[in-house]
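The structure file model_27.txt is reproduced below (compact mmCIF, C-alpha atoms).
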```txt
# COMPACT_ATOMS: atom_id res chain seq x y z
CA MET A 9 -9.06 -3.20 -10.90
CA SER A 10 -10.44 -0.68 -8.41
CA VAL A 11 -12.40 -2.39 -5.59
CA LEU A 12 -13.78 -1.70 -2.14
CA LYS A 13 -11.77 -3.62 0.44
CA ALA A 14 -12.35 -3.77 4.20
CA TYR A 15 -9.79 -4.26 6.97
CA ARG A 16 -10.82 -5.25 10.48
CA PHE A 17 -8.64 -4.51 13.50
CA LYS A 18 -9.09 -4.79 17.23
CA ILE A 19 -8.78 -1.48 19.06
CA TYR A 20 -7.96 -0.71 22.69
CA PRO A 21 -9.65 2.56 23.70
CA ASP A 22 -9.02 4.17 27.08
CA GLU A 23 -11.90 4.88 29.46
CA ALA A 24 -12.71 8.31 27.98
CA GLN A 25 -12.71 6.87 24.46
CA LYS A 26 -14.92 3.98 25.55
CA GLN A 27 -17.44 6.46 26.98
CA PHE A 28 -17.41 8.36 23.68
CA PHE A 29 -18.03 5.17 21.68
CA VAL A 30 -20.82 3.96 23.97
CA ALA A 31 -22.46 7.41 23.86
CA THR A 32 -22.23 7.43 20.05
CA PHE A 33 -23.78 3.94 19.87
CA GLY A 34 -26.68 5.26 21.93
CA CYS A 35 -27.15 8.41 19.84
CA VAL A 36 -27.09 6.44 16.60
CA ARG A 37 -29.60 3.97 17.99
CA PHE A 38 -31.77 6.85 19.27
CA THR A 39 -31.69 8.58 15.85
CA TYR A 40 -32.46 5.40 13.92
CA ASN A 41 -35.44 4.51 16.11
CA HIS A 42 -36.91 8.05 16.03
CA LEU A 43 -36.60 8.22 12.25
CA LEU A 44 -38.29 4.81 12.01
CA VAL A 45 -41.20 6.00 14.16
CA ALA A 46 -41.51 9.17 12.07
CA SER A 47 -41.59 7.17 8.84
CA GLN A 48 -44.43 5.03 10.23
CA GLN A 49 -46.43 8.13 11.19
CA LYS A 50 -46.06 9.51 7.63
CA LYS A 51 -45.70 13.16 8.59
CA GLU A 52 -45.70 15.85 5.91
CA GLN A 53 -42.24 17.11 6.81
CA LYS A 54 -39.49 14.51 6.69
CA LEU A 55 -37.60 14.11 9.96
CA THR A 56 -33.81 14.34 9.70
CA PRO A 57 -30.89 14.10 12.18
CA ALA A 58 -30.46 17.90 11.90
CA LYS A 59 -34.06 18.46 13.04
CA LEU A 60 -33.63 15.94 15.84
CA LYS A 61 -30.63 17.90 17.15
CA LYS A 62 -32.83 20.95 17.69
CA GLU A 63 -35.20 18.95 19.88
CA TYR A 64 -32.51 16.81 21.54
CA PRO A 65 -29.35 18.94 22.03
CA PHE A 66 -27.29 16.02 23.38
CA LEU A 67 -27.07 14.69 19.81
CA LYS A 68 -24.79 17.64 18.97
CA GLU A 69 -22.05 16.13 21.13
CA THR A 70 -21.64 13.08 18.91
CA ASP A 71 -20.31 12.53 15.38
CA SER A 72 -22.79 14.07 12.90
CA LEU A 73 -21.61 11.69 10.16
CA ALA A 74 -22.58 8.73 12.35
CA LEU A 75 -26.12 10.11 12.65
CA ALA A 76 -26.30 10.76 8.89
CA ASN A 77 -25.24 7.15 8.26
CA ALA A 78 -27.99 5.96 10.61
CA GLN A 79 -30.48 7.74 8.35
CA ARG A 80 -28.90 6.18 5.23
CA ASN A 81 -29.03 2.73 6.81
CA LEU A 82 -32.74 3.14 7.54
CA GLU A 83 -33.40 4.29 3.96
CA LYS A 84 -31.49 1.26 2.69
CA ALA A 85 -33.53 -1.02 4.98
CA PHE A 86 -36.74 0.41 3.52
CA ARG A 87 -35.49 -0.08 -0.05
CA ARG A 88 -34.73 -3.72 0.72
CA TYR A 89 -38.17 -4.11 2.27
CA PHE A 90 -40.03 -2.60 -0.71
CA THR A 91 -38.06 -4.80 -3.15
CA GLY A 92 -38.90 -7.93 -1.13
CA LYS A 93 -35.30 -8.62 -0.05
CA SER A 94 -35.90 -8.27 3.70
CA ASP A 95 -38.58 -7.78 6.36
CA PHE A 96 -39.88 -4.44 7.61
CA PRO A 97 -37.15 -2.46 9.45
CA LYS A 98 -36.96 -3.23 13.16
CA PHE A 99 -36.06 -1.05 16.11
CA LYS A 100 -32.51 -1.18 17.44
CA HIS A 101 -32.21 -2.33 21.05
CA LYS A 102 -29.70 -1.50 23.74
CA SER A 103 -29.79 -5.14 24.88
CA ASN A 104 -28.14 -6.29 21.64
CA PRO A 105 -24.61 -7.45 22.57
CA TRP A 106 -23.21 -5.92 19.37
CA GLN A 107 -23.42 -2.15 18.91
CA SER A 108 -21.84 -0.10 16.11
CA TYR A 109 -21.70 3.15 14.19
CA THR A 110 -20.16 4.22 10.86
CA THR A 111 -18.35 7.47 10.11
CA ASN A 112 -16.84 8.82 6.87
CA ASN A 113 -13.39 10.08 5.97
CA GLN A 114 -13.72 13.74 4.97
CA GLY A 115 -10.51 15.69 4.47
CA HIS A 116 -8.22 13.19 6.20
CA THR A 117 -10.37 12.87 9.34
CA ILE A 118 -9.67 9.11 9.50
CA TYR A 119 -6.10 7.85 9.36
CA LEU A 120 -3.63 5.46 10.97
CA LYS A 121 -0.38 6.70 12.47
CA GLU A 122 2.21 4.62 14.36
CA GLY A 123 -0.26 1.98 15.49
CA GLN A 124 -2.94 4.51 16.43
CA LEU A 125 -6.24 5.47 14.81
CA LYS A 126 -7.67 8.95 14.32
CA LEU A 127 -11.47 9.24 14.15
CA PRO A 128 -13.78 12.24 13.63
CA LYS A 129 -14.99 14.09 16.74
CA LEU A 130 -12.42 12.21 18.85
CA LYS A 131 -9.41 14.37 19.74
CA SER A 132 -7.18 11.59 21.08
CA LEU A 133 -5.79 8.70 19.04
CA VAL A 134 -7.03 5.16 19.67
CA LYS A 135 -4.57 2.30 20.07
CA VAL A 136 -5.10 -0.33 17.36
CA ASN A 137 -3.68 -3.78 16.61
CA TYR A 138 -2.40 -2.76 13.17
CA HIS A 139 -1.41 -6.20 11.83
CA ARG A 140 -2.03 -5.52 8.10
CA GLU A 141 -0.89 -2.57 6.04
CA ILE A 142 -3.58 -0.49 4.33
CA THR A 143 -2.52 0.67 0.86
CA GLY A 144 -5.79 2.12 -0.43
CA GLN A 145 -7.71 5.33 0.20
CA ILE A 146 -9.83 5.20 3.36
CA LYS A 147 -13.53 5.86 2.70
CA SER A 148 -15.16 5.08 6.05
CA ALA A 149 -14.71 3.38 9.41
CA THR A 150 -17.19 1.31 11.41
CA ILE A 151 -16.63 1.08 15.16
CA SER A 152 -18.24 -1.96 16.78
CA ALA A 153 -18.21 -3.41 20.27
CA LYS A 154 -19.40 -6.58 21.93
CA ASN A 155 -20.99 -5.96 25.33
CA ASN A 156 -19.12 -2.62 25.33
CA THR A 157 -15.93 -4.44 26.30
CA ASP A 158 -14.28 -5.72 23.11
CA PHE A 159 -13.93 -2.98 20.50
CA TYR A 160 -13.16 -3.31 16.77
CA VAL A 161 -12.82 -1.07 13.73
CA SER A 162 -13.62 -2.03 10.12
CA ILE A 163 -11.93 0.34 7.67
CA LEU A 164 -13.34 0.48 4.14
CA CYS A 165 -10.88 1.49 1.42
CA VAL A 166 -10.70 1.92 -2.33
CA GLU A 167 -7.79 -0.15 -3.62
CA GLU A 168 -6.26 -1.04 -6.94
CA ILE A 169 -6.03 -4.84 -7.17
CA PRO A 170 -3.70 -6.11 -9.93
CA SER A 171 -4.79 -9.26 -11.81
CA LEU A 172 -2.87 -12.44 -11.02
CA PRO A 173 -0.79 -14.17 -13.72
CA GLN A 174 -2.64 -16.66 -15.92
CA THR A 175 -1.80 -20.34 -15.28
CA SER A 176 -3.96 -22.09 -17.93
CA GLN A 177 -5.10 -24.50 -15.21
CA SER A 178 -8.64 -25.43 -14.16
CA ILE A 179 -10.14 -27.32 -11.22
CA THR A 180 -13.52 -28.66 -10.10
CA ILE A 181 -14.33 -28.29 -6.41
CA ALA A 182 -17.11 -29.74 -4.25
CA TYR A 183 -18.21 -29.39 -0.64
CA SER A 184 -16.85 -31.81 1.92
CA PRO A 185 -18.07 -31.76 5.56
CA SER A 186 -14.69 -33.00 6.82
CA GLU A 187 -12.27 -30.97 4.65
CA LEU A 188 -14.52 -28.18 3.31
CA LEU A 189 -13.34 -29.13 -0.20
CA GLU A 190 -12.49 -32.59 -1.47
CA GLY A 191 -8.72 -32.90 -1.27
CA SER A 192 -8.19 -29.42 0.20
CA GLN A 193 -5.60 -30.70 2.71
CA SER A 194 -3.35 -31.92 -0.10
CA LEU A 195 -4.01 -28.75 -2.12
CA LEU A 196 -2.70 -26.41 0.54
CA GLN A 197 -0.21 -28.87 2.01
CA ILE A 198 -1.28 -27.69 5.46
CA THR A 199 -3.27 -29.36 8.18
CA PHE A 200 -6.44 -27.79 9.47
CA ASN A 201 -7.16 -29.38 12.81
CA GLN A 202 -9.33 -27.98 15.58
CA ASP A 203 -9.69 -31.19 17.58
CA SER A 204 -7.95 -29.81 20.67
CA LEU A 205 -9.99 -26.59 20.51
CA VAL A 206 -13.26 -28.51 20.05
CA THR A 207 -12.34 -30.72 23.03
CA LYS A 208 -11.75 -27.63 25.18
CA ILE A 209 -15.09 -26.15 24.11
CA ASP A 210 -16.91 -29.39 24.95
CA LYS A 211 -15.29 -29.53 28.41
CA VAL A 212 -16.16 -25.90 29.16
CA GLN A 213 -19.77 -26.41 28.00
CA LYS A 214 -20.14 -29.41 30.34
CA LYS A 215 -18.63 -27.45 33.24
CA LEU A 216 -20.95 -24.55 32.43
CA LYS A 217 -23.99 -26.81 32.79
CA ILE A 218 -22.72 -28.03 36.15
CA ARG A 219 -22.10 -24.47 37.36
CA ALA A 220 -25.61 -23.51 36.26
CA LYS A 221 -27.10 -26.42 38.27
CA VAL A 222 -25.09 -25.44 41.34
CA ALA A 223 -26.21 -21.81 41.06
CA ARG A 224 -29.88 -22.83 40.73
CA LYS A 225 -29.52 -25.20 43.67
CA ASN A 226 -28.14 -22.36 45.79
CA ARG A 227 -30.87 -20.05 44.44
CA ILE A 228 -28.32 -17.66 42.93
CA PRO A 229 -29.31 -15.88 39.69
CA LEU A 230 -26.96 -16.83 36.87
CA ALA A 231 -26.19 -13.14 36.27
CA GLU A 232 -24.79 -12.98 39.83
CA ALA A 233 -22.98 -16.35 39.79
CA LYS A 234 -19.32 -15.25 39.39
CA ASN A 235 -17.89 -18.69 38.59
CA TYR A 236 -20.59 -19.27 35.99
CA GLN A 237 -19.98 -15.89 34.34
CA LYS A 238 -16.20 -16.40 34.24
CA LEU A 239 -16.65 -19.77 32.56
CA LYS A 240 -19.19 -18.26 30.15
CA GLU A 241 -16.64 -15.61 29.10
CA ARG A 242 -14.01 -18.30 28.58
CA LEU A 243 -16.40 -20.27 26.36
CA ALA A 244 -17.11 -17.15 24.30
CA ARG A 245 -13.38 -16.56 23.76
CA LEU A 246 -12.86 -20.16 22.64
CA GLN A 247 -15.78 -19.94 20.20
CA VAL A 248 -14.43 -16.69 18.74
CA SER A 249 -11.03 -18.35 18.31
CA GLN A 250 -12.67 -21.29 16.56
CA LYS A 251 -14.51 -18.96 14.16
CA GLU A 252 -11.41 -16.88 13.42
CA LYS A 253 -9.29 -19.96 12.64
CA LYS A 254 -11.93 -21.22 10.24
CA GLU A 255 -12.13 -17.88 8.45
CA ASP A 256 -8.33 -17.77 8.19
CA PHE A 257 -8.43 -21.20 6.53
CA PHE A 258 -11.14 -19.97 4.13
CA ASP A 259 -8.95 -17.00 3.17
CA GLN A 260 -5.89 -19.20 2.59
CA LEU A 261 -7.76 -21.77 0.54
CA SER A 262 -9.68 -19.26 -1.61
CA TYR A 263 -6.52 -17.26 -2.35
CA TYR A 264 -4.61 -20.43 -3.22
CA LEU A 265 -7.30 -21.42 -5.73
CA VAL A 266 -7.38 -18.06 -7.53
CA CYS A 267 -3.57 -18.00 -7.60
CA HIS A 268 -3.13 -21.45 -9.16
CA PHE A 269 -6.23 -21.84 -11.35
CA ASP A 270 -7.71 -19.64 -14.07
CA GLN A 271 -11.01 -21.52 -14.10
CA ILE A 272 -12.68 -22.80 -10.93
CA MET A 273 -15.76 -24.98 -11.41
CA VAL A 274 -18.08 -25.52 -8.42
CA ASP A 275 -20.07 -28.76 -8.35
CA ALA A 276 -22.88 -27.69 -6.01
CA THR A 277 -24.92 -30.87 -6.58
CA ILE A 278 -22.53 -32.86 -4.39
CA ILE A 279 -23.42 -30.73 -1.36
CA GLU A 280 -26.60 -32.71 -0.71
CA ASN A 281 -25.03 -36.09 -1.43
CA ASN A 282 -21.96 -35.63 0.70
CA GLN A 283 -23.56 -35.96 4.14
CA GLU A 284 -22.11 -39.36 4.99
CA ALA A 285 -21.49 -40.85 8.39
CA CYS A 286 -18.39 -38.72 9.03
CA THR A 287 -17.36 -36.03 11.46
CA VAL A 288 -18.83 -32.72 10.31
CA VAL A 289 -16.10 -30.14 10.78
CA PHE A 290 -17.39 -27.70 8.16
CA THR A 291 -21.11 -26.96 8.01
CA LYS A 292 -23.05 -25.71 4.99
CA ALA A 293 -22.86 -22.24 6.53
CA ASP A 294 -19.06 -22.56 6.46
CA TRP A 295 -19.25 -23.61 2.82
CA HIS A 296 -21.33 -20.55 1.87
CA CYS A 297 -18.93 -18.28 3.77
CA PHE A 298 -16.01 -19.76 1.83
CA TYR A 299 -17.94 -19.55 -1.46
CA LYS A 300 -18.56 -15.81 -0.98
CA LYS A 301 -14.83 -15.25 -0.51
CA LEU A 302 -14.11 -17.28 -3.64
CA VAL A 303 -16.63 -15.23 -5.65
CA TYR A 304 -15.18 -11.80 -4.89
CA LYS A 305 -11.54 -12.95 -5.09
CA SER A 306 -12.14 -14.50 -8.51
CA ASN A 307 -13.62 -11.18 -9.61
CA TRP A 308 -10.77 -9.16 -8.08
CA TYR A 309 -7.91 -11.15 -9.58
CA GLY A 310 -9.35 -11.78 -13.06
CA LYS A 311 -10.19 -15.48 -12.68
CA LYS A 312 -13.32 -17.32 -13.84
CA LEU A 313 -15.74 -19.02 -11.41
CA ILE A 314 -18.30 -21.39 -12.92
CA ASP A 315 -21.24 -22.85 -10.96
CA LEU A 316 -21.96 -26.25 -12.55
CA ASP A 317 -25.39 -26.35 -10.92
```

Show how you would write the structure in this file as structure tokens.
Amino acid sequence: MSVLKAYRFKIYPDEAQKQFFVATFGCVRFTYNHLLVASQQKKEQKLTPAKLKKEYPFLKETDSLALANAQRNLEKAFRRYFTGKSDFPKFKHKSNPWQSYTTNNQGHTIYLKEGQLKLPKLKSLVKVNYHREITGQIKSATISAKNNTDFYVSILCVEEIPSLPQTSQSITIAYSPSELLEGSQSLLQITFNQDSLVTKIDKVQKKLKIRAKVARKNRIPLAEAKNYQKLKERLARLQVSQKEKKEDFFDQLSYYLVCHFDQIMVDATIIENNQEACTVVFTKADWHCFYKKLVYKSNWYGKKLIDLD
């Protein structure tokens, strides 16, 4: 089965590459917002990135495919709005901690070589944490950054996914706030435990409140309080680690289910009745994240997913 599959890696650009990425984020944001304004004014001639380049020459220095994708994203946002799937498109802001742009692979302009990534318009290769092999054909790459410090790339590929062997087994699963699924610990024969990580997060959050009080007492703005900012960064790293470990568990559990069972039945009615006086490790948002993975993996590997609700 031919599917679209995405791979996400952390990248480590040098200073010149960082400047290129940040400049591209700005140009994409600039293009998106100007096209949004033009669509609201309902001019006779449709504004395009090519026309914007004539008026704003600095746009020529960035990746033209990134600007074209900004236009496509806006058109998609309008389609979702007119079909009632989302609100009216909003302006993109520089203050958003996450910035990104998408570029396409045209004539082998995006590729990985010896732990380095080639991107359009960028002459030098970017160092990447290449921890998973890509076997499919690269279609596009999305560069994203948090606070312009941590950079990532999501590579979209077309891959052939072979169906898994049939097992003639079936299972019924239900949401559990402590295990995600009833009996999931025994299913995987692994232990998912974030107690130590949760304890660290709680301690850092308490210390952060104390540091904030001290800064206010000394009349120091929190943005200028170095100890507060260091602790805030540490808390962010711990929370990212917590999220990544959960997602890794979701991937393991969903893949295990599609490997060992041909028919997976989901008893969604138990979700509402399962909120007992127990420690909530997995929220309903976690459950929906896991369920999405289970849906597409069942489709990929030729297994049947049945919603009993």

Which is closest to A:Gln177 among A:Thr207, A:Asn226, A:Gln271, A:Ser72, if we use all atoms listed in the file? A:Gln271

d(atom CA of A:Glu255, atom CA of A:His296) in Å: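 We find that atom CA of A:Glu255 and atom CA of A:His296 lie 11.6 Å from each other.
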
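Across the model, the gap from atom CA of A:Leu302 to atom CA of A:Ser262 is 5.3 Å.
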
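Closest to A:Ile314 among A:Val288, A:Val274, A:Val136, A:Ala58 is A:Val274, based on all atoms listed in the file.
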
Given 6 Å on each side, where is the centre and what are the edge lengths in Å to one decimal of the axis-aligned box enclosing the listed atoms of stretch 69-75 of chain A, as AutoDock Vina command-line options?
```
--center_x -23.2 --center_y 12.4 --center_z 15.6 --size_x 17.8 --size_y 19.4 --size_z 23.0
```

Give as a list of chain:residue names every residue, naming chains and numbers as the document does, that has an atom within 6 Å of (-14.2, 4.0, 8.1), counting all atoms listed in the file. A:Thr111, A:Asn112, A:Lys147, A:Ser148, A:Ala149, A:Thr150, A:Ile163, A:Leu164

Selected residues written out, C-alpha atoms, as a compact mmCIF listing (two decimals), keeping the file's coordinate frame:
```txt
# COMPACT_ATOMS: atom_id res chain seq x y z
CA THR A 111 -18.35 7.47 10.11
CA ASN A 112 -16.84 8.82 6.87
CA LYS A 147 -13.53 5.86 2.70
CA SER A 148 -15.16 5.08 6.05
CA ALA A 149 -14.71 3.38 9.41
CA THR A 150 -17.19 1.31 11.41
CA ILE A 163 -11.93 0.34 7.67
CA LEU A 164 -13.34 0.48 4.14
```

Compile a residue-level contact table for stretch 49-91 of chain A against stretch 22-32 of chain A at a cut-off of 9 Å, reporting for every qualifying residue the shortest atom pair and its distance in Å to one decimal, with all atoms listed in the file counted, rows ordered by chain and ascending number, as a tab-separated table.
```
residue	atom	partner	partner_atom	distance
A:Leu67	CA	A:Thr32	CA	8.7
A:Glu69	CA	A:Thr32	CA	8.8
A:Thr70	CA	A:Thr32	CA	5.8
A:Asp71	CA	A:Thr32	CA	7.2
A:Ala74	CA	A:Thr32	CA	7.8
A:Leu75	CA	A:Thr32	CA	8.8
```

Could you pull the residues within 9 Å of A:Leu44, counting all atoms listed in the file, minus those fewer than 3 positions along the same chain, as a PyMOL selection string? chain A and resi 39-41+47-49+82+97-99

Put those residues in a file: C-alpha atoms, as a short mmCIF file (atom, residue, chain, number, x, y, z; two decimals), in the coordinates of the input.
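Wrote again_3.cif, looks like this:
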```
data_model
loop_
_atom_site.label_atom_id
_atom_site.label_comp_id
_atom_site.auth_asym_id
_atom_site.auth_seq_id
_atom_site.Cartn_x
_atom_site.Cartn_y
_atom_site.Cartn_z
CA THR A 39 -31.69 8.58 15.85
CA TYR A 40 -32.46 5.40 13.92
CA ASN A 41 -35.44 4.51 16.11
CA SER A 47 -41.59 7.17 8.84
CA GLN A 48 -44.43 5.03 10.23
CA GLN A 49 -46.43 8.13 11.19
CA LEU A 82 -32.74 3.14 7.54
CA PRO A 97 -37.15 -2.46 9.45
CA LYS A 98 -36.96 -3.23 13.16
CA PHE A 99 -36.06 -1.05 16.11
#
```

Option closest in space to A:Asp294, from A:Tyr263, A:Trp308, A:Tyr160, A:Phe258 [counting only C-alpha atoms]: A:Phe258

Let me make sure I understand: among A:Ala223, A:Leu188, A:Ile19, A:Ile142, which one has the smallest atom-to-atom distance to A:Leu125 if we use only C-alpha atoms?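 Among the listed residues, the smallest separation from A:Leu125 belongs to A:Ile19.
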
Identify which of the residues A:Asn201, A:Ser171, A:Thr291, A:Thr117 lies closest to A:Leu133, counting only C-alpha atoms when measuring atom-to-atom distances.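 The answer is A:Thr117, which sits nearest to A:Leu133.
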
Separation of atom CA of A:Lys240 and atom CA of A:Asp210, in Å?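 Here the two named atoms are 12.5 Å from each other.
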
Which one is closest to A:Leu216: A:Gln114, A:Ser186, A:Gln237, A:Gln124? Count all atoms listed in the file.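 Looking at the shortest contact to A:Leu216, the residue is A:Gln237.
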
Within 12 Å of A:Asn307 using all atoms listed in the file, minus same-chain residues under 6 positions, as a list in words: Met9, Ser10, Val11, Ile169, Pro170, Ser171, Leu172, Tyr263, Val266, Asp270, Gln271, Ile272, Lys300, Lys301, Leu313 and Ile314 of chain A

Compile the contact shell of A:Val212 as an NGL selection string: residues with an atom at most 10 Å away, counting only C-alpha atoms, same-chain residues fewer than 5 positions apart removed. :A and (206-207 or 217-218 or 239-240 or 242-243 or 246)
